[in-house]
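Everything on this sheet refers to the single structure shown next.
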Amino acid sequence: MRRIAIVGSGYVGLVTGTCFSELGNRVVCVDNDAAKIERLDAGEVPFYEPSLGEMIARNVQARRLTFTTDVAAAVRGSEIIFIAVGTPMRADGHADLGAVRAAARDIGAALNGPKIVVSKSTVPVETGEMVSSIIRRHARAQHPISVVSNPEFLREGSAVADFLRPDRIVLGTEDAAAEQVMRELYAPLEAPIVVTDVRTAEMIKYAANAFLATKISFINEIANICELLDVDVRAVCNGIGYDQRIGTKFLNPGIGYGGSCFPKDVRALEQLAVERDYQAPLLHAVELVNRRQIERTVVRLERELGGLRGRVVAVLGLAFKPNTDDVRDAPALALIARLLDRGAAVRAHDPIANALAREALGTDGIVFCDDMYESVSGADAIVLATEWNEFRALDFARCAASMRGSVLIDGRNVFDPDKVRAAGLRYLGIGRVKLPDQLDAAERK
Ligand SMILES: NC(=O)c1ccc[n+]([C@@H]2O[C@H](COP(=O)([O-])OP(=O)(O)OC[C@H]3O[C@@H](n4cnc5c(N)ncnc54)[C@H](O)[C@@H]3O)[C@@H](O)[C@H]2O)c1
C-alpha cells in the first residue's frame with residue numbers, strides 16, 4: 001500500500017487515482033476546481049466515463065480514495081505525487097505548461113520529506129527537468145525528490161479498462177530506487193514495463209500520438225483519392241490491413257480526429273521541432289489533412305444543398321468520439337462552427353455531450369435536441385459526426401419521412417449505403433462514392 005496524491009483530477013487524474021485506489025493504495029485526488037471536488041465529495045462523477053462511477057464509490061466507501069482542494073496537505077501526506085493537470089495548446093501551437101508549473105510550485109512549497117513526483121501529463125521533452133528545478137526552488141527545506149515521467153496512454157470512453165490493462169507502461173527515470181517503487185506500484189497490472197530516461201519517456205508519448213494521428217490522416221487522404229477514382233476505401237483498408245506491418249486498427253476514414261490529445265500533441269511536437277530549426281513537414285501535413293476533412297464535408301453539403309444559407313443541417317454526435325462527453329477539439333464542433341458561418345442552421349444531438357457542446361458553442365443558430373429523430377426533423381441534410389452505437393440503428397425511413405431534404409453524410413462510414421438509399425435518402429460516405437460533380441464529368445465522357 002502506497003500513499004499517493006494526484007494533482008489534477010480530470011479525465012486522466014481521476015481515472016489514475018481511482019484505479020490506484022482499486023489496487024489497494026491510499027489515494028487523495030486534488031483539484032483546484034472547488035466545484036469539481038464538491039461534486040466528487042457528493043458522490044457525483046464530474047464527467048462521463050463508463051464504469052468510473054462505481055469504482056469511485058467502492059473505493060470512497062473503503063476509505064482508500066478521498067478528494068481535496070488542499071494540495072499542500074495532499075503532498076505532505078503522500079510518498080508519490082502524480083501531476084495530471086491539463087497541458088492545452090497555446091495559440092502558437094506550443095503546449096501550455098502553466099498548470100504544470102503551478103503544480104510543481106505547490107508541490108515544492110509543501111515538501112516535507114523525500115518524494116517521488118510523477119509526470120502523467122503529456123509534456124514536451126525537458127519538462128521533467130523544469131519540474132524538478134521548480135520544486136527545488138520552492139522547497140523551504142531540501143529533501144530528496146525524484147521526478148519520473150510516466151506518460152498515460154488511456155483512451156477516453158474505455159479509460160478504466162485501458163488503465164488496468166495497458167499495452168505497456170513507460171517509466172522515464174534514472175533513479176533505481178524510484179524505478180523500483182514505480183515497478184511495484186504497477187506490478188498488479190502485469191504489463192510490460194519500458195524504462196528509459198525522462199526525456200525519452202516524454203518523447204515516447206508524443207511519438208505515439210503523432211503516429212496514431214498520422215494513421216488517421218493517411219487513411220483519410222487515401223479515402224479522398226479513392227473518391228476521385230471510384231474505389232471503395234473500405235475494401236482498400238481490408239486489403240492492406242491484413243499486412244501485419246500495417247494492421248487493421250485506426251484505419252477508419254472519417255471527418256477527422258479531434259479530442260483533447262491528438263490535435264494539440266501533433267502541434268506541440270511540430271513546435272518542438274520547429275524551434276530547433278526542423279520543419280517537421282509530415283506532422284504539418286497530418287494536421288493539414290485533418291483540418292481539410294472538415295472543410296471537405298462543408299463543401300460537400302454546400303454542393304448537395306445548393307448553398308448553405310437558410311439550410312438546416314442535423315449533426316448527430318458532438319463528443320469527439322463515442323462513450324465520452326469530451327467535446328474539446330471535437331470535429332463536430334468545428335463542422336458546426338463552419339456551417340453557422342455560412343448561414344446554415346444546425347439541429348444537434350449527442351446522447352451525453354449536449355450540455356458541454358452548448359457551453360462551447362452557445363445557442364446562436366443551433367438547436368440542441370434530446371433525441372436523434374427530433375434533430376433530424378425538418379433538416380435538409382444529416383451529418384453523422386460521431387459513431388455512437390445508438391446512431392447505428394438509425395431508422396432511415398423515419399428520418400426520410402420527417403426531413404425537408406434527403407442528404408445523409410456518413411462521416412464515420414458506419415451505415416449501409418443500400419439501406420440508406422432504399423429509404424429514399426442520398427448517401428455520401430467518406431471514400432465510398434464519387435463526388436457528384438466528378439460523377440457528372442465521368443458520365444459526360
Ligand atoms: N484525456 C485523455 O484522454 C488523455 C490521455 C492521455 C494523456 N492525457 C494528458 O493528461 C493530461 C491531463 O489531461 P486531462 O484530459 O485529464 O485534462 P483535464 O482538463 O480533464 O484535467 C485537468 C485537471 O487539472 C486541474 N488543474 C489544473 N491546474 C491545477 C493545479 N495547479 N492544481 C490542481 N489541479 C489543477 C483542472 O481543474 C482539471 O480538473 C494532459 O497533459 C493530457 O494531454 C490525456
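Going by the C-alpha cells order, chains are called A, B, ..., each with residues numbered from 1, while ligands are numbered from 1 in the order shown.
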Show me, as a compact mmCIF listing (two decimals) with C-alpha atoms, in the first residue's frame, the residues that have an atom within 12 Å of Thr196 (chain A) when counting only C-alpha atoms, minus same-chain residues fewer than 3 positions from it.
```txt
# COMPACT_ATOMS: atom_id res chain seq x y z
CA VAL A 148 9.69 10.38 -13.05
CA SER A 149 7.96 10.64 -16.42
CA ASN A 150 5.10 8.16 -16.70
CA PRO A 151 3.02 9.16 -19.72
CA ILE A 169 3.87 1.15 -19.02
CA VAL A 170 6.57 3.69 -19.75
CA LEU A 171 8.77 4.86 -16.89
CA GLY A 172 11.26 7.62 -17.51
CA THR A 173 13.74 7.63 -14.66
CA GLU A 174 17.40 7.03 -13.99
CA ASP A 175 16.86 6.68 -10.27
CA ALA A 176 16.95 2.97 -9.40
CA GLU A 179 12.12 2.84 -10.60
CA ILE A 193 7.38 -2.02 -18.47
CA ARG A 199 13.38 12.86 -21.89
CA THR A 200 12.84 9.67 -23.86
CA ALA A 201 9.66 8.86 -21.94
CA GLU A 202 8.35 12.36 -22.72
CA MET A 203 9.16 11.83 -26.39
CA ILE A 204 7.54 8.37 -26.48
```
Surrounding residues as a ChimeraX atom specification, ligand 1, max 8 Å, only C-alpha atoms and all ligand atoms: /A:7-14,30-33,36,69,71,84-88,98-103,106,120-123,151-156,159,259-261,264-265
Could you write out that same residue set with N, CA and C atoms as a tab-separated table (two decimals), in the first residue's frame?
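Generated output (selection_18.tsv):
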```tsv
chain	number	residue	atom	x	y	z
A	7	VAL	N	-2.38	15.30	-8.48
A	7	VAL	CA	-2.67	16.73	-8.63
A	7	VAL	C	-3.28	16.93	-10.02
A	8	GLY	N	-4.56	17.28	-10.04
A	8	GLY	CA	-5.31	17.38	-11.30
A	8	GLY	C	-6.23	16.18	-11.42
A	9	SER	N	-7.54	16.41	-11.18
A	9	SER	CA	-8.48	15.27	-11.16
A	9	SER	C	-9.43	15.33	-12.35
A	10	GLY	N	-8.87	15.43	-13.53
A	10	GLY	CA	-9.66	15.43	-14.75
A	10	GLY	C	-9.76	14.02	-15.31
A	11	TYR	N	-9.92	13.91	-16.61
A	11	TYR	CA	-10.12	12.61	-17.24
A	11	TYR	C	-8.98	11.64	-16.88
A	12	VAL	N	-7.75	12.12	-16.90
A	12	VAL	CA	-6.61	11.24	-16.61
A	12	VAL	C	-6.38	11.09	-15.10
A	13	GLY	N	-6.37	12.22	-14.38
A	13	GLY	CA	-6.04	12.17	-12.96
A	13	GLY	C	-7.05	11.36	-12.16
A	14	LEU	N	-8.33	11.56	-12.44
A	14	LEU	CA	-9.36	10.87	-11.65
A	14	LEU	C	-9.35	9.36	-11.94
A	30	VAL	N	-6.51	15.60	-5.95
A	30	VAL	CA	-6.54	17.04	-5.70
A	30	VAL	C	-6.98	17.76	-6.97
A	31	ASP	N	-7.75	18.83	-6.80
A	31	ASP	CA	-8.03	19.69	-7.94
A	31	ASP	C	-8.22	21.11	-7.42
A	32	ASN	N	-7.80	22.09	-8.22
A	32	ASN	CA	-8.02	23.48	-7.79
A	32	ASN	C	-9.39	24.00	-8.21
A	33	ASP	N	-10.16	23.14	-8.87
A	33	ASP	CA	-11.54	23.48	-9.22
A	33	ASP	C	-12.43	22.99	-8.07
A	36	LYS	N	-15.56	21.00	-8.80
A	36	LYS	CA	-15.31	19.60	-9.18
A	36	LYS	C	-15.15	18.73	-7.93
A	69	THR	N	-9.17	20.07	-2.24
A	69	THR	CA	-8.56	21.19	-2.98
A	69	THR	C	-7.24	21.57	-2.33
A	71	VAL	N	-3.82	21.11	-1.89
A	71	VAL	CA	-2.69	20.39	-2.48
A	71	VAL	C	-1.56	20.20	-1.46
A	84	ALA	N	-1.17	15.44	-12.99
A	84	ALA	CA	-2.05	15.04	-14.11
A	84	ALA	C	-2.91	16.24	-14.53
A	85	VAL	N	-2.30	17.43	-14.49
A	85	VAL	CA	-3.03	18.64	-14.89
A	85	VAL	C	-3.05	18.74	-16.42
A	86	GLY	N	-3.89	19.61	-16.93
A	86	GLY	CA	-4.01	19.77	-18.37
A	86	GLY	C	-2.79	20.48	-18.98
A	87	THR	N	-2.51	20.14	-20.23
A	87	THR	CA	-1.45	20.82	-20.98
A	87	THR	C	-2.02	21.23	-22.34
A	88	PRO	N	-2.97	22.17	-22.32
A	88	PRO	CA	-3.65	22.52	-23.58
A	88	PRO	C	-2.72	23.21	-24.57
A	98	GLY	N	1.52	26.12	-18.06
A	98	GLY	CA	1.18	26.94	-16.88
A	98	GLY	C	0.70	26.10	-15.70
A	99	ALA	N	-0.19	25.15	-15.97
A	99	ALA	CA	-0.74	24.34	-14.87
A	99	ALA	C	0.34	23.40	-14.30
A	100	VAL	N	1.23	22.92	-15.16
A	100	VAL	CA	2.31	22.03	-14.69
A	100	VAL	C	3.25	22.82	-13.78
A	101	ARG	N	3.56	24.04	-14.19
A	101	ARG	CA	4.44	24.89	-13.36
A	101	ARG	C	3.79	25.17	-12.01
A	102	ALA	N	2.48	25.51	-12.07
A	102	ALA	CA	1.76	25.82	-10.82
A	102	ALA	C	1.76	24.61	-9.89
A	103	ALA	N	1.52	23.43	-10.48
A	103	ALA	CA	1.51	22.21	-9.66
A	103	ALA	C	2.89	21.98	-9.04
A	106	ASP	N	3.42	24.34	-6.14
A	106	ASP	CA	2.67	23.91	-4.95
A	106	ASP	C	3.32	22.71	-4.28
A	120	LYS	N	2.36	12.65	-15.26
A	120	LYS	CA	1.46	11.86	-16.12
A	120	LYS	C	0.92	12.73	-17.24
A	121	SER	N	0.98	14.04	-17.03
A	121	SER	CA	0.55	14.94	-18.10
A	121	SER	C	1.45	14.73	-19.31
A	122	THR	N	0.89	15.00	-20.50
A	122	THR	CA	1.69	14.92	-21.72
A	122	THR	C	2.46	16.23	-21.85
A	123	VAL	N	3.78	16.13	-21.80
A	123	VAL	CA	4.58	17.36	-21.75
A	123	VAL	C	5.78	17.28	-22.69
A	151	PRO	N	4.11	8.71	-18.86
A	151	PRO	CA	3.02	9.16	-19.72
A	151	PRO	C	1.85	8.18	-19.72
A	152	GLU	N	0.68	8.72	-19.98
A	152	GLU	CA	-0.55	7.91	-19.93
A	152	GLU	C	-1.06	7.68	-21.35
A	153	PHE	N	-1.53	6.46	-21.60
A	153	PHE	CA	-1.99	6.11	-22.95
A	153	PHE	C	-3.47	5.73	-22.98
A	154	LEU	N	-4.18	5.95	-21.88
A	154	LEU	CA	-5.60	5.54	-21.86
A	154	LEU	C	-6.40	6.32	-22.89
A	155	ARG	N	-7.52	5.71	-23.29
A	155	ARG	CA	-8.44	6.38	-24.22
A	155	ARG	C	-9.72	6.72	-23.48
A	156	GLU	N	-10.18	7.95	-23.63
A	156	GLU	CA	-11.47	8.28	-23.04
A	156	GLU	C	-12.52	7.36	-23.64
A	159	ALA	N	-11.43	4.30	-20.53
A	159	ALA	CA	-10.26	4.72	-19.75
A	159	ALA	C	-9.92	3.76	-18.61
A	259	GLY	N	-10.47	15.82	-30.19
A	259	GLY	CA	-10.22	15.45	-28.81
A	259	GLY	C	-9.15	16.30	-28.18
A	260	SER	N	-8.90	15.99	-26.92
A	260	SER	CA	-8.01	16.84	-26.13
A	260	SER	C	-6.55	16.46	-26.32
A	261	CYS	N	-6.26	15.45	-27.15
A	261	CYS	CA	-4.86	15.00	-27.25
A	261	CYS	C	-4.26	15.14	-28.65
A	264	LYS	N	-3.56	18.77	-30.21
A	264	LYS	CA	-2.57	19.59	-29.50
A	264	LYS	C	-1.20	18.90	-29.47
A	265	ASP	N	-1.19	17.58	-29.39
A	265	ASP	CA	0.10	16.89	-29.28
A	265	ASP	C	0.86	16.90	-30.61
```
Please identify the strand (DSSP E or B) residues within region 70-308 of chain A (assignment by DSSP from backbone atoms) and present them as a tab-separated table (two decimals) with N, CA and C atoms, in the first residue's frame.
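Written output follows (result-v6.tsv):
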```
chain	number	residue	atom	x	y	z
A	80	ILE	N	4.16	9.41	-3.09
A	80	ILE	CA	4.22	9.52	-4.56
A	80	ILE	C	3.19	10.57	-4.99
A	81	ILE	N	3.62	11.54	-5.78
A	81	ILE	CA	2.69	12.59	-6.23
A	81	ILE	C	2.66	12.59	-7.75
A	82	PHE	N	1.49	12.35	-8.28
A	82	PHE	CA	1.32	12.39	-9.74
A	82	PHE	C	0.86	13.78	-10.15
A	83	ILE	N	1.46	14.30	-11.20
A	83	ILE	CA	0.95	15.54	-11.81
A	83	ILE	C	0.13	15.12	-13.03
A	89	MET	N	-3.27	23.48	-25.74
A	89	MET	CA	-2.45	24.10	-26.79
A	89	MET	C	-2.49	25.62	-26.63
A	95	ALA	N	2.77	23.58	-26.21
A	95	ALA	CA	1.98	23.12	-25.06
A	95	ALA	C	2.02	24.21	-23.99
A	115	LYS	N	10.20	12.55	-1.79
A	115	LYS	CA	9.00	12.26	-2.60
A	115	LYS	C	9.41	11.79	-3.99
A	116	ILE	N	8.53	10.99	-4.56
A	116	ILE	CA	8.64	10.71	-5.99
A	116	ILE	C	7.54	11.53	-6.67
A	117	VAL	N	7.93	12.37	-7.61
A	117	VAL	CA	6.96	13.20	-8.33
A	117	VAL	C	6.87	12.65	-9.75
A	118	VAL	N	5.67	12.24	-10.12
A	118	VAL	CA	5.49	11.55	-11.40
A	118	VAL	C	4.69	12.42	-12.36
A	119	SER	N	5.25	12.68	-13.52
A	119	SER	CA	4.52	13.47	-14.50
A	119	SER	C	3.70	12.55	-15.38
A	145	ILE	N	14.12	14.52	-3.91
A	145	ILE	CA	12.96	14.26	-4.77
A	145	ILE	C	13.44	13.62	-6.06
A	146	SER	N	12.58	12.79	-6.63
A	146	SER	CA	12.91	12.14	-7.88
A	146	SER	C	11.75	12.39	-8.84
A	147	VAL	N	12.02	13.03	-9.97
A	147	VAL	CA	10.95	13.30	-10.94
A	147	VAL	C	10.96	12.21	-12.01
A	148	VAL	N	9.84	11.51	-12.11
A	148	VAL	CA	9.69	10.38	-13.05
A	148	VAL	C	8.69	10.79	-14.13
A	149	SER	N	8.96	10.45	-15.37
A	149	SER	CA	7.96	10.64	-16.42
A	149	SER	C	7.22	9.32	-16.63
A	169	ILE	N	3.72	0.01	-19.93
A	169	ILE	CA	3.87	1.15	-19.02
A	169	ILE	C	5.24	1.74	-19.30
A	170	VAL	N	5.28	3.04	-19.48
A	170	VAL	CA	6.57	3.69	-19.75
A	170	VAL	C	7.00	4.45	-18.49
A	171	LEU	N	8.21	4.17	-18.05
A	171	LEU	CA	8.77	4.86	-16.89
A	171	LEU	C	10.05	5.56	-17.30
A	172	GLY	N	10.04	6.86	-17.21
A	172	GLY	CA	11.26	7.62	-17.51
A	172	GLY	C	11.94	8.01	-16.21
A	193	ILE	N	6.93	-3.33	-18.94
A	193	ILE	CA	7.38	-2.02	-18.47
A	193	ILE	C	8.61	-1.60	-19.26
A	194	VAL	N	8.53	-0.42	-19.86
A	194	VAL	CA	9.64	0.11	-20.64
A	194	VAL	C	10.29	1.21	-19.80
A	195	VAL	N	11.56	1.03	-19.46
A	195	VAL	CA	12.23	2.04	-18.65
A	195	VAL	C	13.22	2.81	-19.52
A	196	THR	N	13.11	4.13	-19.46
A	196	THR	CA	14.00	4.99	-20.25
A	196	THR	C	14.45	6.15	-19.36
```
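Between CA of Ala72 (chain A) and CA of Leu111 (chain A) lies a distance of 8.1 Å.
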Selection near Gln279 (chain A), 8 Å with only C-alpha atoms, sequence-local residues under 3 positions removed, as an MDAnalysis selection string: chainID A and resid 270 273:274
Test item: residues at most 9 Å from region 281-298 of chain A, only C-alpha atoms, excluding those fewer than 6 positions along its chain, as a count of residues only: 30
Long-range neighbours of Phe20 (chain A) as a PDB file with N, CA and C atoms, in the first residue's frame, 9 Å cut-off, only C-alpha atoms, 4 positions minimum in chain:
```
ATOM      1  N   ILE A   4      -0.628   8.004  -2.104  1.00  0.00           N
ATOM      2  CA  ILE A   4      -0.473   8.679  -3.403  1.00  0.00           C
ATOM      3  C   ILE A   4      -1.327   9.937  -3.451  1.00  0.00           C
ATOM      4  N   VAL A  15      -9.136   9.020 -13.203  1.00  0.00           N
ATOM      5  CA  VAL A  15      -9.069   7.590 -13.557  1.00  0.00           C
ATOM      6  C   VAL A  15      -7.826   6.970 -12.914  1.00  0.00           C
ATOM      7  N   THR A  16      -6.697   7.670 -12.999  1.00  0.00           N
ATOM      8  CA  THR A  16      -5.449   7.159 -12.416  1.00  0.00           C
ATOM      9  C   THR A  16      -5.610   6.961 -10.907  1.00  0.00           C
ATOM     10  N   GLY A  24      -5.498  -1.018  -4.138  1.00  0.00           N
ATOM     11  CA  GLY A  24      -5.193  -1.155  -2.711  1.00  0.00           C
ATOM     12  C   GLY A  24      -4.397  -0.003  -2.109  1.00  0.00           C
ATOM     13  N   ASN A  25      -4.100   1.024  -2.891  1.00  0.00           N
ATOM     14  CA  ASN A  25      -3.334   2.159  -2.366  1.00  0.00           C
ATOM     15  C   ASN A  25      -4.270   3.187  -1.727  1.00  0.00           C
ATOM     16  N   ARG A  26      -3.688   4.050  -0.897  1.00  0.00           N
ATOM     17  CA  ARG A  26      -4.486   5.136  -0.325  1.00  0.00           C
ATOM     18  C   ARG A  26      -4.235   6.382  -1.180  1.00  0.00           C
ATOM     19  N   VAL A  27      -5.288   6.895  -1.808  1.00  0.00           N
ATOM     20  CA  VAL A  27      -5.121   7.942  -2.821  1.00  0.00           C
ATOM     21  C   VAL A  27      -5.942   9.182  -2.455  1.00  0.00           C
ATOM     22  N   LEU A 185       4.382  -0.420  -7.849  1.00  0.00           N
ATOM     23  CA  LEU A 185       3.052   0.196  -7.945  1.00  0.00           C
ATOM     24  C   LEU A 185       2.251  -0.405  -9.099  1.00  0.00           C
ATOM     25  N   TYR A 186       2.944  -0.618 -10.209  1.00  0.00           N
ATOM     26  CA  TYR A 186       2.265  -1.120 -11.407  1.00  0.00           C
ATOM     27  C   TYR A 186       2.269  -2.646 -11.502  1.00  0.00           C
TER      28      TYR A 186
END
```
Residue among A:Leu189, A:Lys205, A:Ala381, A:Cys29 lying closest to Glu304 (chain A), counting only C-alpha atoms: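 When distances to Glu304 (chain A) are compared using only C-alpha atoms, the smallest one comes from A:Ala381.
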Filtered DSSP result for region 175-410 of chain A, state alpha helix (DSSP H), as a PyMOL selection string: chain A and resi 176-186+198-229+233-241+262-274+281-305+331-341+354-361+372-376+389-392+396-402
Computed interatomic separation between CA of Phe262 (chain A) and CA of Ala104 (chain A) (Å):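 Between these atoms lies a distance of 24.8 Å.
If you measure from each of A:Asn323, A:Thr127, A:Ser406, A:Asn209 to Leu425 (chain A) using only C-alpha atoms, the closest one turns out to be A:Ser406.
Each of A:His138, A:Cys19, A:Ala355, A:Gly247 was compared to Asp326 (chain A) using only C-alpha atoms, and A:Ala355 turns out to be the nearest.
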